[in-house]
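Okay, structure first, notes after.
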Amino acid sequence: MWPRFPDGFKRLKTGGADGGFTYIPSTMRIVHDKEVCANHGQCVGAAPELFKFADDGSLIVIDPNPPEELREAAQDAVDVCPVLALAIVED
Ligand code: SF4
């Protein structure tokens with residue numbers, strides 16, 4: 001995973017003798033581990049725009065690649081999950 005700098009961007013090494021870098025927009029992806037998820041719903045409460053329950057009670061990630069403006073909500077959901085079933089990765 002690339003370190004993010006500035007916020008919402010990731011650093012990409014361009015190579016060359018100067019060892020230069022450039023910054024490109026990051027693409028956030030929410031990873032949900034269904035094997036670990038206990039369907040308690042804290043993530044739905046923290047970020048209802050990103051998570052909901054299906055009719056069978058299983059968790060649905062509404063948008064696994066949410067826009068940058070939902071990063072804080074996604075991070076809140078990751079932070080409240082008691083079984084660490086959620087993560088944010090940068091593609
Ligand atoms: S908070 Fe975690 S365990 Fe609970 S429904 Fe969400 S992902 Fe599953």
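All residue names refer to the structure tokens as shown: chains lettered A, B, ... in order, residues numbered from 1 in each chain, ligands numbered from 1 in order.
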- request: Check which residues fall inside 6 Å of ligand 1 when counting only C-alpha atoms and all ligand atoms, and print them as a ChimeraX atom specification.
  value: /A:37-43,59,81-83,85-86
Just write the chosen residues, N, CA and C atoms, as a PDB file, in the first residue's frame.
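Output file selection28.pdb is given in full below:
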```
ATOM      1  N   CYS A  37     -16.895 -11.292   9.271  1.00  0.00           N
ATOM      2  CA  CYS A  37     -18.028 -10.421   9.602  1.00  0.00           C
ATOM      3  C   CYS A  37     -19.051 -11.165  10.456  1.00  0.00           C
ATOM      4  N   ALA A  38     -19.485 -10.501  11.531  1.00  0.00           N
ATOM      5  CA  ALA A  38     -20.468 -11.080  12.450  1.00  0.00           C
ATOM      6  C   ALA A  38     -21.842 -10.428  12.291  1.00  0.00           C
ATOM      7  N   ASN A  39     -21.993  -9.562  11.279  1.00  0.00           N
ATOM      8  CA  ASN A  39     -23.276  -8.918  10.957  1.00  0.00           C
ATOM      9  C   ASN A  39     -23.880  -8.148  12.125  1.00  0.00           C
ATOM     10  N   HIS A  40     -23.030  -7.518  12.927  1.00  0.00           N
ATOM     11  CA  HIS A  40     -23.546  -6.729  14.041  1.00  0.00           C
ATOM     12  C   HIS A  40     -24.126  -5.405  13.567  1.00  0.00           C
ATOM     13  N   GLY A  41     -23.557  -4.834  12.525  1.00  0.00           N
ATOM     14  CA  GLY A  41     -24.141  -3.637  11.933  1.00  0.00           C
ATOM     15  C   GLY A  41     -23.548  -2.316  12.350  1.00  0.00           C
ATOM     16  N   GLN A  42     -22.482  -2.306  13.114  1.00  0.00           N
ATOM     17  CA  GLN A  42     -21.883  -1.027  13.503  1.00  0.00           C
ATOM     18  C   GLN A  42     -21.468  -0.208  12.285  1.00  0.00           C
ATOM     19  N   CYS A  43     -21.011  -0.881  11.248  1.00  0.00           N
ATOM     20  CA  CYS A  43     -20.588  -0.171  10.039  1.00  0.00           C
ATOM     21  C   CYS A  43     -21.780   0.499   9.346  1.00  0.00           C
ATOM     22  N   LEU A  59     -24.286  -8.567   5.101  1.00  0.00           N
ATOM     23  CA  LEU A  59     -23.854  -7.196   4.855  1.00  0.00           C
ATOM     24  C   LEU A  59     -23.545  -6.983   3.380  1.00  0.00           C
ATOM     25  N   CYS A  81     -15.737  -1.428  13.453  1.00  0.00           N
ATOM     26  CA  CYS A  81     -15.957  -2.864  13.301  1.00  0.00           C
ATOM     27  C   CYS A  81     -15.218  -3.619  14.414  1.00  0.00           C
ATOM     28  N   PRO A  82     -15.952  -4.336  15.251  1.00  0.00           N
ATOM     29  CA  PRO A  82     -15.311  -4.978  16.407  1.00  0.00           C
ATOM     30  C   PRO A  82     -14.501  -6.220  16.062  1.00  0.00           C
ATOM     31  N   VAL A  83     -14.681  -6.744  14.866  1.00  0.00           N
ATOM     32  CA  VAL A  83     -13.966  -7.982  14.518  1.00  0.00           C
ATOM     33  C   VAL A  83     -12.969  -7.777  13.377  1.00  0.00           C
ATOM     34  N   ALA A  85     -13.326  -6.776  10.302  1.00  0.00           N
ATOM     35  CA  ALA A  85     -13.751  -7.372   9.035  1.00  0.00           C
ATOM     36  C   ALA A  85     -13.665  -6.395   7.866  1.00  0.00           C
ATOM     37  N   LEU A  86     -13.341  -5.148   8.150  1.00  0.00           N
ATOM     38  CA  LEU A  86     -13.283  -4.129   7.091  1.00  0.00           C
ATOM     39  C   LEU A  86     -11.883  -3.537   7.007  1.00  0.00           C
TER      40      LEU A  86
END
```
query: Out of A:Ile62, A:Ala54, A:Val78, A:Leu84, which residue has the shortest atom-to-atom distance to Glu35 in chain A when counting only C-alpha atoms?
result: A:Leu84
Based on the backbone DSSP call, show me all residues of range 6-88 of chain A assigned strand (DSSP E), as a PDB file with C-alpha atoms, in the first residue's frame.
```pdb
ATOM      1  CA  PHE A   9      -3.351  11.220  -3.403  1.00  0.00           C
ATOM      2  CA  LYS A  10      -0.754   8.518  -3.519  1.00  0.00           C
ATOM      3  CA  ARG A  11       2.910   8.902  -4.333  1.00  0.00           C
ATOM      4  CA  LEU A  12       4.166   7.202  -7.467  1.00  0.00           C
ATOM      5  CA  LYS A  13       7.882   6.889  -8.203  1.00  0.00           C
ATOM      6  CA  THR A  14       8.612   8.101 -11.700  1.00  0.00           C
ATOM      7  CA  GLY A  15      12.153   6.757 -11.783  1.00  0.00           C
ATOM      8  CA  GLY A  20      11.470  11.887  -8.766  1.00  0.00           C
ATOM      9  CA  PHE A  21       7.939  11.247  -7.615  1.00  0.00           C
ATOM     10  CA  THR A  22       4.577  12.355  -8.841  1.00  0.00           C
ATOM     11  CA  TYR A  23       1.251  12.362  -7.053  1.00  0.00           C
ATOM     12  CA  ILE A  24      -1.845  10.823  -8.550  1.00  0.00           C
ATOM     13  CA  PRO A  25      -5.368  10.545  -7.130  1.00  0.00           C
ATOM     14  CA  MET A  28      -9.921   3.770  -2.392  1.00  0.00           C
ATOM     15  CA  ARG A  29     -11.326   0.256  -2.176  1.00  0.00           C
ATOM     16  CA  ILE A  30     -13.294  -1.152   0.744  1.00  0.00           C
ATOM     17  CA  VAL A  31     -12.476  -4.770   1.512  1.00  0.00           C
ATOM     18  CA  HIS A  32     -15.063  -6.752   3.476  1.00  0.00           C
ATOM     19  CA  PHE A  51     -23.190  -0.312   3.943  1.00  0.00           C
ATOM     20  CA  LYS A  52     -26.584  -1.954   4.277  1.00  0.00           C
ATOM     21  CA  PHE A  53     -28.059  -5.341   5.072  1.00  0.00           C
ATOM     22  CA  LEU A  59     -23.854  -7.196   4.855  1.00  0.00           C
ATOM     23  CA  ILE A  60     -23.656  -5.440   1.490  1.00  0.00           C
ATOM     24  CA  VAL A  61     -20.948  -2.922   0.637  1.00  0.00           C
ATOM     25  CA  LEU A  86     -13.283  -4.129   7.091  1.00  0.00           C
ATOM     26  CA  ALA A  87     -10.240  -2.474   5.585  1.00  0.00           C
ATOM     27  CA  ILE A  88      -9.460   0.304   3.153  1.00  0.00           C
TER      28      ILE A  88
END
```
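Minimum distance to Glu72 in chain A across A:Gly57, A:Thr27, A:Gly19, A:Ala46 (counting only C-alpha atoms) occurs at A:Ala46.
Interatomic distance, CA of Pro48 in chain A against CA of Asn65 in chain A: 14.9 Å.
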- prompt: Out of range 30-79 of chain A, which residues get alpha helix (DSSP H) from DSSP, as a ChimeraX atom specification?
  reply: /A:42-46,71-79
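CA of Lys34 in chain A is found 19.8 Å from CA of Ala73 in chain A.
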